$ cat run.csv   # CSV, C-alpha atoms and all ligand atoms
chain,number,residue,atom,x,y,z
E,15,MET,CA,-69.9,81.7,-13.9
E,16,VAL,CA,-71.9,83.1,-16.8
E,17,SER,CA,-68.8,83.2,-19.1
E,18,VAL,CA,-68.0,79.5,-18.3
E,19,PHE,CA,-71.5,78.6,-19.1
E,20,SER,CA,-71.6,80.5,-22.4
E,21,ALA,CA,-68.2,79.2,-23.5
E,22,CYS,CA,-69.4,75.6,-22.9
E,23,SER,CA,-72.7,76.1,-24.7
E,24,LYS,CA,-70.9,77.7,-27.7
E,25,GLN,CA,-68.5,74.8,-27.9
E,26,LYS,CA,-71.3,72.3,-27.6
E,27,ASP,CA,-72.9,74.0,-30.6
E,28,ILE,CA,-69.8,73.4,-32.7
E,29,VAL,CA,-69.8,69.7,-31.9
E,30,GLN,CA,-73.5,69.4,-32.6
E,31,GLU,CA,-73.3,71.4,-35.8
E,32,ASN,CA,-70.4,69.2,-37.1
E,33,PHE,CA,-72.2,66.0,-36.3
E,34,ASP,CA,-75.3,67.3,-38.0
E,35,PHE,CA,-73.2,68.1,-41.1
E,36,SER,CA,-71.4,64.8,-40.9
E,37,ALA,CA,-74.6,62.8,-40.7
E,38,LYS,CA,-75.8,64.3,-44.0
E,39,GLN,CA,-72.3,64.2,-45.6
E,40,LEU,CA,-71.7,60.5,-44.6
E,41,LYS,CA,-75.1,59.5,-46.1
E,42,HIS,CA,-73.9,61.1,-49.3
E,43,ALA,CA,-70.6,59.2,-49.0
E,44,LEU,CA,-72.5,55.9,-48.6
E,45,LYS,CA,-74.4,56.6,-51.9
E,46,GLU,CA,-71.2,57.5,-53.7
E,47,MET,CA,-69.5,54.3,-52.4
E,48,LYS,CA,-72.4,52.2,-53.6
E,49,SER,CA,-72.1,53.6,-57.1
E,50,ALA,CA,-68.2,53.4,-57.1
E,51,LEU,CA,-68.5,49.7,-56.2
E,52,GLU,CA,-71.1,49.0,-58.8
E,53,ASN,CA,-69.0,50.8,-61.4
E,54,GLU,CA,-65.6,49.5,-60.6
E,55,THR,CA,-63.5,49.7,-63.9
E,56,ASP,CA,-62.2,46.7,-65.7
E,57,ALA,CA,-58.7,48.1,-65.1
E,58,SER,CA,-59.2,48.2,-61.4
E,59,ILE,CA,-60.7,44.7,-61.3
E,60,HIS,CA,-57.8,43.4,-63.4
E,61,GLU,CA,-55.2,45.1,-61.1
E,62,ARG,CA,-56.8,43.6,-58.0
E,63,ALA,CA,-56.9,40.2,-59.6
E,64,LEU,CA,-53.2,40.4,-60.6
E,65,ASN,CA,-52.2,41.4,-57.1
E,66,ALA,CA,-54.6,39.0,-55.4
E,67,TRP,CA,-56.2,41.9,-53.5
E,68,SER,CA,-59.6,41.4,-52.0
E,69,GLU,CA,-62.7,43.3,-53.0
E,70,LEU,CA,-62.8,47.1,-52.5
E,71,THR,CA,-64.0,47.9,-49.1
E,72,ASN,CA,-64.0,51.5,-47.9
E,73,PRO,CA,-63.0,54.9,-49.1
E,74,ARG,CA,-59.6,56.5,-48.7
E,75,SER,CA,-59.4,59.6,-50.8
E,76,LEU,CA,-60.2,61.1,-54.2
E,77,GLU,CA,-58.3,60.3,-57.4
E,78,ALA,CA,-56.8,63.1,-59.4
E,79,ASP,CA,-59.9,63.1,-61.7
E,80,GLY,CA,-62.2,63.6,-58.7
E,81,SER,CA,-63.4,60.0,-58.6
E,82,LEU,CA,-63.7,58.1,-55.3
E,83,LEU,CA,-60.7,56.0,-54.3
E,84,MET,CA,-61.9,52.8,-52.6
E,85,VAL,CA,-59.4,50.4,-51.1
E,86,PRO,CA,-59.2,46.7,-50.4
E,87,SER,CA,-59.0,45.6,-46.8
E,88,LYS,CA,-55.3,45.3,-46.8
E,89,ASP,CA,-54.8,49.1,-47.3
E,90,TRP,CA,-53.8,50.8,-44.1
E,91,CYS,CA,-56.8,53.2,-44.5
E,92,SER,CA,-59.5,50.5,-44.7
E,93,GLY,CA,-60.6,50.9,-41.1
E,94,PHE,CA,-61.2,54.6,-40.8
E,95,PHE,CA,-64.5,54.8,-42.6
E,96,PRO,CA,-66.2,52.2,-40.4
E,97,GLY,CA,-64.6,54.0,-37.5
E,98,GLU,CA,-66.3,57.2,-38.5
E,99,LEU,CA,-69.6,55.3,-38.6
E,100,TRP,CA,-69.0,54.0,-35.1
E,101,TYR,CA,-68.4,57.5,-33.9
E,102,MET,CA,-71.7,58.6,-35.5
E,103,TYR,CA,-73.4,55.8,-33.6
E,104,GLU,CA,-71.6,56.8,-30.4
E,105,TYR,CA,-72.7,60.4,-30.7
E,106,THR,CA,-76.3,59.9,-32.0
E,107,LYS,CA,-77.1,56.5,-30.3
E,108,ASP,CA,-79.1,55.9,-33.5
E,109,GLU,CA,-79.2,52.2,-34.5
E,110,GLN,CA,-79.0,52.9,-38.2
E,111,TRP,CA,-75.4,54.1,-37.7
E,112,LYS,CA,-74.6,50.9,-35.8
E,113,ARG,CA,-76.0,48.8,-38.7
E,114,LEU,CA,-74.0,50.7,-41.2
E,115,ALA,CA,-70.8,50.6,-39.1
E,116,HIS,CA,-71.2,46.8,-38.6
E,117,ARG,CA,-71.5,46.3,-42.4
E,118,ARG,CA,-68.4,48.3,-43.2
E,119,THR,CA,-66.4,46.6,-40.4
E,120,ILE,CA,-67.1,42.9,-41.0
E,121,ILE,CA,-65.6,43.1,-44.5
E,122,LEU,CA,-62.2,43.6,-43.0
E,123,GLU,CA,-62.0,40.4,-41.0
E,124,ARG,CA,-59.4,38.7,-43.2
E,125,GLU,CA,-56.9,41.3,-42.0
E,126,LYS,CA,-56.6,39.5,-38.7
E,127,PHE,CA,-54.3,37.0,-40.4
E,128,ASN,CA,-52.3,39.6,-42.3
E,129,GLY,CA,-48.8,39.7,-40.7
E,130,LYS,CA,-47.2,41.5,-43.6
E,131,THR,CA,-47.8,45.0,-42.2
E,132,HIS,CA,-47.7,46.9,-39.0
E,133,ASP,CA,-50.9,48.8,-39.8
E,134,MET,CA,-53.1,46.3,-37.9
E,135,GLY,CA,-54.1,48.9,-35.3
E,136,PHE,CA,-55.2,51.5,-37.9
E,137,LYS,CA,-57.3,48.9,-39.7
E,138,MET,CA,-58.7,46.8,-36.9
E,139,TYR,CA,-58.7,49.0,-33.8
E,140,CYS,CA,-60.4,51.9,-35.5
E,141,SER,CA,-63.1,49.6,-36.9
E,142,TYR,CA,-63.5,46.5,-34.7
E,143,GLY,CA,-62.0,48.2,-31.7
E,144,ASN,CA,-64.6,51.0,-31.7
E,145,GLY,CA,-67.3,48.5,-32.5
E,146,TYR,CA,-66.3,46.3,-29.5
E,147,ARG,CA,-66.1,49.3,-27.2
E,148,LEU,CA,-69.6,50.4,-28.2
E,149,THR,CA,-71.4,47.0,-28.5
E,150,GLY,CA,-69.4,44.4,-26.6
E,151,ASP,CA,-69.9,42.0,-29.5
E,152,THR,CA,-67.9,38.9,-28.6
E,153,ALA,CA,-67.2,38.1,-32.3
E,154,TYR,CA,-65.4,41.5,-32.6
E,155,ARG,CA,-63.4,40.6,-29.4
E,156,SER,CA,-62.0,37.4,-30.9
E,157,ILE,CA,-61.1,39.1,-34.1
E,158,LEU,CA,-59.2,41.8,-32.2
E,159,ILE,CA,-57.3,39.3,-30.2
E,160,ARG,CA,-56.3,37.4,-33.3
E,161,SER,CA,-55.2,40.7,-34.9
E,162,ALA,CA,-53.0,41.5,-31.9
E,163,GLN,CA,-51.5,38.0,-32.0
E,164,THR,CA,-50.7,38.6,-35.7
E,165,LEU,CA,-49.2,42.0,-35.1
E,166,ILE,CA,-46.7,40.9,-32.4
E,167,THR,CA,-45.2,38.4,-34.9
E,168,ARG,CA,-43.5,41.5,-36.3
E,169,PHE,CA,-41.7,42.2,-33.0
E,170,ASN,CA,-37.9,41.7,-32.8
E,171,PRO,CA,-36.6,41.6,-29.2
E,172,LYS,CA,-33.1,42.6,-30.4
E,173,VAL,CA,-34.4,45.8,-31.8
E,174,GLY,CA,-37.2,46.2,-29.2
E,175,CYS,CA,-39.7,47.4,-31.9
E,176,ILE,CA,-42.3,46.1,-34.3
E,177,ARG,CA,-41.1,46.2,-37.9
E,178,SER,CA,-43.1,48.7,-40.0
E,179,TRP,CA,-42.6,47.8,-43.6
E,180,ASP,CA,-41.5,44.7,-45.6
E,181,ASN,CA,-40.4,44.7,-49.3
E,182,VAL,CA,-38.1,47.7,-49.0
E,183,GLY,CA,-35.4,46.2,-51.1
E,184,SER,CA,-31.9,47.3,-50.1
E,185,LYS,CA,-33.1,50.7,-48.8
E,186,TRP,CA,-33.7,49.6,-45.2
E,187,LYS,CA,-33.0,46.5,-43.2
E,188,TYR,CA,-35.6,46.9,-40.4
E,189,PRO,CA,-37.6,50.2,-40.9
E,190,VAL,CA,-39.6,51.5,-38.0
E,191,ILE,CA,-41.8,54.6,-38.6
E,192,ILE,CA,-43.2,57.0,-36.1
E,193,ASP,CA,-46.7,56.2,-37.4
E,194,ASN,CA,-46.3,52.7,-35.8
E,195,MET,CA,-47.0,54.2,-32.4
E,196,LEU,CA,-50.7,54.3,-33.2
E,197,ASN,CA,-50.8,50.5,-33.7
E,198,LEU,CA,-49.8,49.9,-30.1
E,199,GLU,CA,-53.3,50.8,-28.8
E,200,LEU,CA,-54.5,47.4,-30.0
E,201,LEU,CA,-51.8,45.7,-28.0
E,202,PHE,CA,-52.6,47.5,-24.8
E,203,TRP,CA,-56.3,46.5,-25.3
E,204,ALA,CA,-55.3,42.9,-26.0
E,205,THR,CA,-53.5,42.6,-22.6
E,206,ARG,CA,-56.6,44.0,-20.8
E,207,ALA,CA,-58.8,41.6,-22.7
E,208,THR,CA,-56.8,38.4,-22.3
E,209,GLY,CA,-54.6,39.0,-19.1
E,210,ASP,CA,-51.6,38.1,-21.2
E,211,SER,CA,-48.9,40.7,-20.5
E,212,THR,CA,-46.9,39.9,-23.7
E,213,PHE,CA,-48.9,42.4,-25.7
E,214,TYR,CA,-48.3,45.1,-23.1
E,215,ASN,CA,-44.6,44.4,-22.8
E,216,ILE,CA,-44.1,44.6,-26.5
E,217,ALA,CA,-46.0,47.9,-26.8
E,218,VAL,CA,-44.0,49.4,-23.9
E,219,SER,CA,-40.7,48.2,-25.5
E,220,HIS,CA,-41.7,49.7,-28.8
E,221,ALA,CA,-42.6,53.0,-27.3
E,222,LYS,CA,-39.5,53.2,-25.2
E,223,THR,CA,-37.2,52.3,-28.1
E,224,THR,CA,-38.9,54.8,-30.3
E,225,LEU,CA,-38.6,57.5,-27.6
E,226,LYS,CA,-34.8,56.8,-27.5
E,227,ASN,CA,-34.1,56.8,-31.2
E,228,HIS,CA,-36.8,58.7,-33.2
E,229,PHE,CA,-36.5,62.2,-31.6
E,230,ARG,CA,-34.1,65.1,-32.3
E,231,ALA,CA,-32.8,67.5,-29.7
E,232,ASP,CA,-35.6,70.0,-30.6
E,233,ASN,CA,-38.2,67.1,-29.9
E,234,SER,CA,-39.2,66.8,-33.6
E,235,SER,CA,-39.3,63.3,-34.9
E,236,PHE,CA,-37.6,61.5,-37.8
E,237,HIS,CA,-40.0,59.6,-39.9
E,238,VAL,CA,-38.1,56.3,-40.4
E,239,VAL,CA,-35.4,54.8,-38.2
E,240,ASP,CA,-33.7,51.8,-39.7
E,241,TYR,CA,-32.3,49.1,-37.4
E,242,ASN,CA,-29.9,46.3,-37.7
E,243,PRO,CA,-32.2,43.3,-36.9
E,244,GLU,CA,-29.2,41.2,-35.6
E,245,THR,CA,-27.8,43.7,-33.2
E,246,GLY,CA,-30.5,46.2,-32.7
E,247,GLU,CA,-28.2,49.1,-33.6
E,248,VAL,CA,-29.6,52.1,-35.4
E,249,ILE,CA,-28.3,52.2,-39.0
E,250,GLN,CA,-29.8,55.4,-40.3
E,251,LYS,CA,-32.5,57.9,-39.7
E,252,ASN,CA,-34.4,59.4,-42.6
E,253,THR,CA,-37.8,60.1,-44.2
E,254,HIS,CA,-40.2,58.5,-46.6
E,255,GLN,CA,-43.1,61.0,-46.8
E,256,GLY,CA,-41.5,64.1,-45.5
E,257,TYR,CA,-39.5,66.8,-47.4
E,258,ALA,CA,-36.1,65.8,-46.2
E,259,HIS,CA,-34.4,63.4,-43.8
E,260,GLU,CA,-33.8,66.3,-41.4
E,261,SER,CA,-37.2,67.9,-41.8
E,262,ALA,CA,-40.2,67.6,-39.5
E,263,TRP,CA,-43.0,65.9,-41.5
E,264,SER,CA,-46.2,67.3,-40.0
E,265,ARG,CA,-48.2,64.1,-39.8
E,266,GLY,CA,-45.3,62.3,-38.2
E,267,GLN,CA,-45.3,64.9,-35.4
E,268,ALA,CA,-49.0,64.3,-34.9
E,269,TRP,CA,-48.6,60.5,-34.8
E,270,GLY,CA,-45.9,61.0,-32.1
E,271,LEU,CA,-48.1,63.3,-30.0
E,272,TYR,CA,-51.1,61.0,-30.3
E,273,GLY,CA,-49.0,57.9,-29.7
E,274,TYR,CA,-47.3,59.1,-26.5
E,275,THR,CA,-50.5,60.5,-25.1
E,276,MET,CA,-52.2,57.2,-25.6
E,277,CYS,CA,-49.2,55.3,-24.2
E,278,TYR,CA,-49.3,57.4,-21.0
E,279,ARG,CA,-53.1,56.6,-20.7
E,280,GLU,CA,-52.3,52.9,-21.0
E,281,THR,CA,-49.2,52.7,-18.8
E,282,GLY,CA,-49.0,55.7,-16.5
E,283,ILE,CA,-45.2,55.9,-17.4
E,284,PRO,CA,-44.2,59.6,-16.8
E,285,ASP,CA,-41.6,59.6,-19.6
E,286,PHE,CA,-44.5,59.1,-22.1
E,287,LEU,CA,-46.4,62.1,-20.7
E,288,GLU,CA,-43.4,64.3,-20.8
E,289,GLN,CA,-42.6,63.3,-24.3
E,290,ALA,CA,-46.2,64.1,-25.4
E,291,GLY,CA,-45.7,67.6,-23.8
E,292,ARG,CA,-42.4,68.1,-25.6
E,293,ILE,CA,-43.9,67.2,-28.9
E,294,ALA,CA,-46.8,69.6,-28.4
E,295,ARG,CA,-44.4,72.4,-27.6
E,296,PHE,CA,-42.4,71.6,-30.8
E,297,ILE,CA,-45.5,71.7,-32.9
E,298,PHE,CA,-47.0,74.9,-31.4
E,299,THR,CA,-43.8,76.9,-31.1
E,300,ASN,CA,-42.7,76.2,-34.6
E,301,PRO,CA,-42.2,79.4,-36.5
E,302,ASN,CA,-43.7,77.9,-39.7
E,303,LEU,CA,-47.0,76.9,-38.1
E,304,PRO,CA,-49.6,79.1,-39.7
E,305,GLU,CA,-51.8,81.4,-37.5
E,306,ASP,CA,-54.8,79.1,-38.0
E,307,LEU,CA,-52.8,76.2,-36.6
E,308,ILE,CA,-53.4,74.0,-39.6
E,309,PRO,CA,-49.8,72.9,-40.5
E,310,TYR,CA,-48.1,72.8,-43.9
E,311,TRP,CA,-47.5,69.2,-44.9
E,312,ASP,CA,-43.9,69.5,-43.6
E,313,CYS,CA,-42.7,72.1,-41.1
E,314,ASN,CA,-39.6,72.7,-43.3
E,315,ALA,CA,-41.2,72.5,-46.7
E,316,PRO,CA,-39.2,74.8,-49.0
E,317,ASP,CA,-41.9,77.0,-50.4
E,318,ILE,CA,-43.8,78.0,-47.3
E,319,PRO,CA,-46.2,79.8,-47.4
E,320,ASN,CA,-47.0,78.4,-50.8
E,321,GLU,CA,-47.2,74.8,-49.7
E,322,PRO,CA,-50.2,72.6,-49.2
E,323,ARG,CA,-51.6,72.1,-45.7
E,324,ASP,CA,-52.2,68.8,-44.0
E,325,VAL,CA,-55.6,68.9,-42.3
E,326,SER,CA,-55.1,65.2,-41.2
E,327,ALA,CA,-52.1,66.3,-39.1
E,328,ALA,CA,-54.3,69.0,-37.5
E,329,THR,CA,-57.2,66.7,-36.6
E,330,CYS,CA,-55.0,64.0,-35.2
E,331,THR,CA,-53.2,66.7,-33.1
E,332,ALA,CA,-56.5,68.2,-31.9
E,333,SER,CA,-57.8,64.8,-30.8
E,334,ALA,CA,-54.5,64.0,-29.0
E,335,LEU,CA,-54.6,67.5,-27.3
E,336,TYR,CA,-58.1,66.9,-25.8
E,337,GLU,CA,-56.8,63.7,-24.3
E,338,LEU,CA,-53.5,65.2,-23.1
E,339,SER,CA,-55.4,68.0,-21.3
E,340,LYS,CA,-56.8,65.4,-18.9
E,341,TYR,CA,-53.3,64.2,-17.9
E,342,ASP,CA,-51.2,67.4,-17.9
E,343,ARG,CA,-53.4,69.7,-15.9
E,344,GLU,CA,-50.7,72.4,-15.6
E,345,ASN,CA,-50.8,72.9,-19.4
E,346,ALA,CA,-54.4,71.9,-20.0
E,347,GLY,CA,-55.6,75.4,-20.7
E,348,LYS,CA,-53.1,75.8,-23.5
E,349,TYR,CA,-53.8,72.4,-25.0
E,350,LEU,CA,-57.6,73.1,-25.0
E,351,GLU,CA,-57.1,76.5,-26.6
E,352,TRP,CA,-55.0,75.0,-29.4
E,353,ALA,CA,-57.4,72.1,-30.0
E,354,ASN,CA,-60.4,74.4,-30.0
E,355,THR,CA,-58.7,76.8,-32.4
E,356,ILE,CA,-58.0,73.9,-34.8
E,357,ILE,CA,-61.6,72.7,-34.6
E,358,GLU,CA,-63.0,76.2,-35.1
E,359,ASN,CA,-60.8,76.9,-38.1
E,360,ILE,CA,-61.5,73.6,-39.7
E,361,THR,CA,-65.2,74.1,-39.3
E,362,LYS,CA,-65.0,77.5,-40.9
E,363,ASN,CA,-62.5,77.1,-43.7
E,364,TYR,CA,-61.6,73.4,-44.4
E,365,ARG,CA,-64.9,71.6,-44.5
E,366,ALA,CA,-66.3,70.3,-47.8
E,367,GLU,CA,-69.6,71.7,-49.1
E,368,LEU,CA,-72.5,69.4,-48.3
E,369,ASN,CA,-73.0,66.7,-50.9
E,370,SER,CA,-69.7,67.4,-52.6
E,371,HIS,CA,-66.3,65.7,-52.7
E,372,LYS,CA,-67.9,62.2,-52.6
E,373,GLY,CA,-69.0,62.7,-49.0
E,374,PHE,CA,-65.6,63.4,-47.4
E,375,LEU,CA,-66.0,65.8,-44.5
E,376,LEU,CA,-62.7,67.8,-44.8
E,377,LEU,CA,-60.6,69.2,-47.6
E,378,HIS,CA,-56.9,70.1,-47.8
E,379,SER,CA,-54.9,67.1,-46.5
E,380,THR,CA,-51.6,65.8,-47.9
E,381,GLY,CA,-50.6,62.2,-48.0
E,382,ALA,CA,-47.1,62.2,-49.6
E,383,LYS,CA,-46.2,65.3,-51.6
E,384,LEU,CA,-42.7,64.3,-52.7
E,385,LEU,CA,-43.9,60.9,-53.7
E,386,GLY,CA,-46.4,62.8,-55.9
E,387,PHE,CA,-49.7,61.5,-54.5
E,388,GLU,CA,-52.6,62.7,-52.4
E,389,ILE,CA,-51.6,66.4,-52.5
E,390,ASP,CA,-54.3,68.8,-51.1
E,391,VAL,CA,-57.1,66.3,-51.1
E,392,PRO,CA,-59.6,64.8,-48.7
E,393,LEU,CA,-58.2,61.9,-46.7
E,394,VAL,CA,-60.4,59.5,-44.7
E,395,TYR,CA,-58.2,59.6,-41.6
E,396,ALA,CA,-58.5,63.4,-41.4
E,397,ASP,CA,-62.2,62.9,-41.1
E,398,TYR,CA,-61.9,60.0,-38.6
E,399,TYR,CA,-59.7,62.0,-36.2
E,400,PHE,CA,-62.0,65.0,-36.7
E,401,LEU,CA,-65.0,63.1,-35.4
E,402,GLU,CA,-62.9,61.6,-32.6
E,403,ALA,CA,-61.7,65.0,-31.6
E,404,LEU,CA,-65.3,66.3,-31.5
E,405,LEU,CA,-66.4,63.4,-29.3
E,406,ARG,CA,-63.4,64.0,-26.9
E,407,LYS,CA,-64.3,67.7,-26.7
E,408,LYS,CA,-67.9,66.9,-25.9
E,409,ASN,CA,-66.9,64.4,-23.3
E,410,LEU,CA,-64.5,66.8,-21.6
E,411,GLU,CA,-67.1,69.5,-21.5
E,412,PHE,CA,-69.7,67.1,-20.1
E,413,ASN,CA,-67.3,66.2,-17.3
E,414,ILE,CA,-66.5,69.8,-16.6
E,415,ASN,CA,-70.2,70.6,-16.3
E,416,ILE,CA,-70.9,67.8,-13.8
E,417,GLU,CA,-67.8,68.4,-11.7
M,501,LIG,N1,-49.3,55.9,-41.9
M,501,LIG,C1,-49.1,56.5,-43.2
M,501,LIG,C2,-49.3,57.9,-43.3
M,501,LIG,O1,-49.4,58.6,-42.3
M,501,LIG,O2,-49.3,58.5,-44.4

$ encode --input "run.csv" --output "structure tokens"
Amino acid sequence: MVSVFSACSKQKDIVQENFDFSAKQLKHALKEMKSALENETDASIHERALNAWSELTNPRSLEADGSLLMVPSKDWCSGFFPGELWYMYEYTKDEQWKRLAHRRTIILEREKFNGKTHDMGFKMYCSYGNGYRLTGDTAYRSILIRSAQTLITRFNPKVGCIRSWDNVGSKWKYPVIIDNMLNLELLFWATRATGDSTFYNIAVSHAKTTLKNHFRADNSSFHVVDYNPETGEVIQKNTHQGYAHESAWSRGQAWGLYGYTMCYRETGIPDFLEQAGRIARFIFTNPNLPEDLIPYWDCNAPDIPNEPRDVSAATCTASALYELSKYDRENAGKYLEWANTIIENITKNYRAELNSHKGFLLLHSTGAKLLGFEIDVPLVYADYYFLEALLRKKNLEFNINIE
């Protein structure tokens, strides 16, 4: 009895301590953003004008020279920072975070019409979705429904999936990436909100087709599966951000774990739960996973142990594991132990110093090493899933204490 109590209070401390740190660090981020927006360079303004991009909105990462990389709303990362501010509001119930989150959210509205990308869920569900969940603001609700309607224009019933990327030249005909699983959460929500099952059916079709075609015998995932849009046949399976076509790109494994856990929550389909369990086993039995459970950017990167880590894969994995522990009670102990180890090690060894790194919370993520960008840097989505994981951890412990 005593040990359960002390374990819980120790874990509560780590959540509280991280939110205290994040409150200060995100205030620093807001100052840095203000100054980056005021001091946008002529080159950046010119580039935006040439490409008809909107104003810079929210932070994504650091440039090679250490300056803050802010992105226009169309960037797939534009919704994570407002999402972090909504999580701060959820944890603290302090109205100042709500005001700040609202400000950083409403600048993304134009994306509800952007049918040129599959990243709608990342952009709109992390921002407006969290905002709607926490405030019930009906304006957010309409924007989310419009976003979901736009997203499903990318669905091809022959393939059974939403198309991920356009403008891929002759490389792919109909690329679908494992990351796309995360965008389905918006569609499940849209069916609940409207009663129209179209969104749900498309999401389930996408998840089932991905389950069939994206995974190898060892339950690791390919990054990109290319389909013939006329017949639905698979043309090729390869990578874009990983080390090799046959390698296991770490963030891709995290997207799969998170995606199938969420799809099980939304549908109750047992195959999805089983797939999430299989992905977790792949990640945590991989001989190249370091002892601290923060993966290298690719499980098969050639120079392990001298390869950069990817903290974003770790935080997304931890958040998914807290949720998975609720559905797979048999393995819950293991999932919680892994997730807690990730959170403890990140807190000790991967956090930025207060008031440094333009206000990012975590260091040592990797966006796309072979493409030569975002190598061993802070990434906004690493921070977003870190705060989400902390909230999920806190909520689990609260429920255990009142059971
Ligand atoms: N969704 C893009 C990435 O994970 O880098």

$ atom_distance --input "run.csv" --atom1 "CA of Phe94 (chain E)" --atom2 "CA of Glu402 (chain E)"
10.9 Å

$ closest_residue --input "run.csv" --among "E:Gln255, E:Ser87, E:Asn345, E:Ser211" --to "ligand LIG 501 (chain M)" --atoms "all atoms listed in the file"
E:Gln255

$ closest_atom_pairs --input "run.csv" --of "chain E" --to "ligand LIG 501 (chain M)" --cutoff "10 Å" --atoms "only C-alpha atoms and all ligand atoms" --output "JSON lines"
{"residue": "E:Trp90", "atom": "CA", "partner": "M:LIG501", "partner_atom": "N1", "distance": 7.1}
{"residue": "E:Cys91", "atom": "CA", "partner": "M:LIG501", "partner_atom": "N1", "distance": 8.4}
{"residue": "E:His132", "atom": "CA", "partner": "M:LIG501", "partner_atom": "N1", "distance": 9.6}
{"residue": "E:Asp133", "atom": "CA", "partner": "M:LIG501", "partner_atom": "N1", "distance": 7.6}
{"residue": "E:Phe136", "atom": "CA", "partner": "M:LIG501", "partner_atom": "N1", "distance": 8.4}
{"residue": "E:Ser178", "atom": "CA", "partner": "M:LIG501", "partner_atom": "N1", "distance": 9.7}
{"residue": "E:Ile191", "atom": "CA", "partner": "M:LIG501", "partner_atom": "N1", "distance": 8.3}
{"residue": "E:Ile192", "atom": "CA", "partner": "M:LIG501", "partner_atom": "N1", "distance": 8.5}
{"residue": "E:Asp193", "atom": "CA", "partner": "M:LIG501", "partner_atom": "N1", "distance": 5.2}
{"residue": "E:Asn194", "atom": "CA", "partner": "M:LIG501", "partner_atom": "N1", "distance": 7.5}
{"residue": "E:Met195", "atom": "CA", "partner": "M:LIG501", "partner_atom": "N1", "distance": 9.9}
{"residue": "E:Leu196", "atom": "CA", "partner": "M:LIG501", "partner_atom": "N1", "distance": 9.0}
{"residue": "E:Asn197", "atom": "CA", "partner": "M:LIG501", "partner_atom": "N1", "distance": 9.9}
{"residue": "E:His237", "atom": "CA", "partner": "M:LIG501", "partner_atom": "O1", "distance": 9.8}
{"residue": "E:His254", "atom": "CA", "partner": "M:LIG501", "partner_atom": "O2", "distance": 9.4}
{"residue": "E:Gln255", "atom": "CA", "partner": "M:LIG501", "partner_atom": "O2", "distance": 7.1}
{"residue": "E:Gly256", "atom": "CA", "partner": "M:LIG501", "partner_atom": "O2", "distance": 9.7}
{"residue": "E:Trp263", "atom": "CA", "partner": "M:LIG501", "partner_atom": "O1", "distance": 9.7}
{"residue": "E:Ser264", "atom": "CA", "partner": "M:LIG501", "partner_atom": "O1", "distance": 9.6}
{"residue": "E:Arg265", "atom": "CA", "partner": "M:LIG501", "partner_atom": "O1", "distance": 6.2}
{"residue": "E:Gly266", "atom": "CA", "partner": "M:LIG501", "partner_atom": "O1", "distance": 6.9}
{"residue": "E:Ala268", "atom": "CA", "partner": "M:LIG501", "partner_atom": "O1", "distance": 9.3}
{"residue": "E:Trp269", "atom": "CA", "partner": "M:LIG501", "partner_atom": "O1", "distance": 7.8}
{"residue": "E:Ser326", "atom": "CA", "partner": "M:LIG501", "partner_atom": "O1", "distance": 8.8}
{"residue": "E:Ala327", "atom": "CA", "partner": "M:LIG501", "partner_atom": "O1", "distance": 8.8}
{"residue": "E:Thr380", "atom": "CA", "partner": "M:LIG501", "partner_atom": "O2", "distance": 8.4}
{"residue": "E:Gly381", "atom": "CA", "partner": "M:LIG501", "partner_atom": "O2", "distance": 5.3}
{"residue": "E:Ala382", "atom": "CA", "partner": "M:LIG501", "partner_atom": "O2", "distance": 6.8}
{"residue": "E:Glu388", "atom": "CA", "partner": "M:LIG501", "partner_atom": "O2", "distance": 9.6}
{"residue": "E:Leu393", "atom": "CA", "partner": "M:LIG501", "partner_atom": "O2", "distance": 9.8}
{"residue": "E:Tyr395", "atom": "CA", "partner": "M:LIG501", "partner_atom": "O1", "distance": 8.9}

$ write_last_selection --input "run.csv" --atoms "C-alpha atoms" --output "compact mmCIF listing (two decimals), in the coordinates of the input"
# COMPACT_ATOMS: atom_id res chain seq x y z
CA TRP E 90 -53.80 50.80 -44.10
CA CYS E 91 -56.80 53.20 -44.50
CA HIS E 132 -47.70 46.90 -39.00
CA ASP E 133 -50.90 48.80 -39.80
CA PHE E 136 -55.20 51.50 -37.90
CA SER E 178 -43.10 48.70 -40.00
CA ILE E 191 -41.80 54.60 -38.60
CA ILE E 192 -43.20 57.00 -36.10
CA ASP E 193 -46.70 56.20 -37.40
CA ASN E 194 -46.30 52.70 -35.80
CA MET E 195 -47.00 54.20 -32.40
CA LEU E 196 -50.70 54.30 -33.20
CA ASN E 197 -50.80 50.50 -33.70
CA HIS E 237 -40.00 59.60 -39.90
CA HIS E 254 -40.20 58.50 -46.60
CA GLN E 255 -43.10 61.00 -46.80
CA GLY E 256 -41.50 64.10 -45.50
CA TRP E 263 -43.00 65.90 -41.50
CA SER E 264 -46.20 67.30 -40.00
CA ARG E 265 -48.20 64.10 -39.80
CA GLY E 266 -45.30 62.30 -38.20
CA ALA E 268 -49.00 64.30 -34.90
CA TRP E 269 -48.60 60.50 -34.80
CA SER E 326 -55.10 65.20 -41.20
CA ALA E 327 -52.10 66.30 -39.10
CA THR E 380 -51.60 65.80 -47.90
CA GLY E 381 -50.60 62.20 -48.00
CA ALA E 382 -47.10 62.20 -49.60
CA GLU E 388 -52.60 62.70 -52.40
CA LEU E 393 -58.20 61.90 -46.70
CA TYR E 395 -58.20 59.60 -41.60

$ residues_around --input "run.csv" --residues "region 334-344 of chain E" --least-positions-apart "6" --cutoff "10 Å" --atoms "only C-alpha atoms" --output "ChimeraX atom specification"
/E:268-276,278-279,282,287-288,290-291,294,328,350-354,399,402-410

$ residues_around --input "run.csv" --residues "region 155-159 of chain E" --least-positions-apart "2" --cutoff "9 Å" --atoms "all atoms listed in the file" --output "list in words"
Glu123, Lys126, Met138, Tyr139, Tyr142, Gly143, Tyr146, Gly150, Asp151, Thr152, Ala153, Ser161, Ala162, Gln163, Thr164, Leu200, Leu201, Trp203, Ala204, Ala207 and Thr208 of chain E
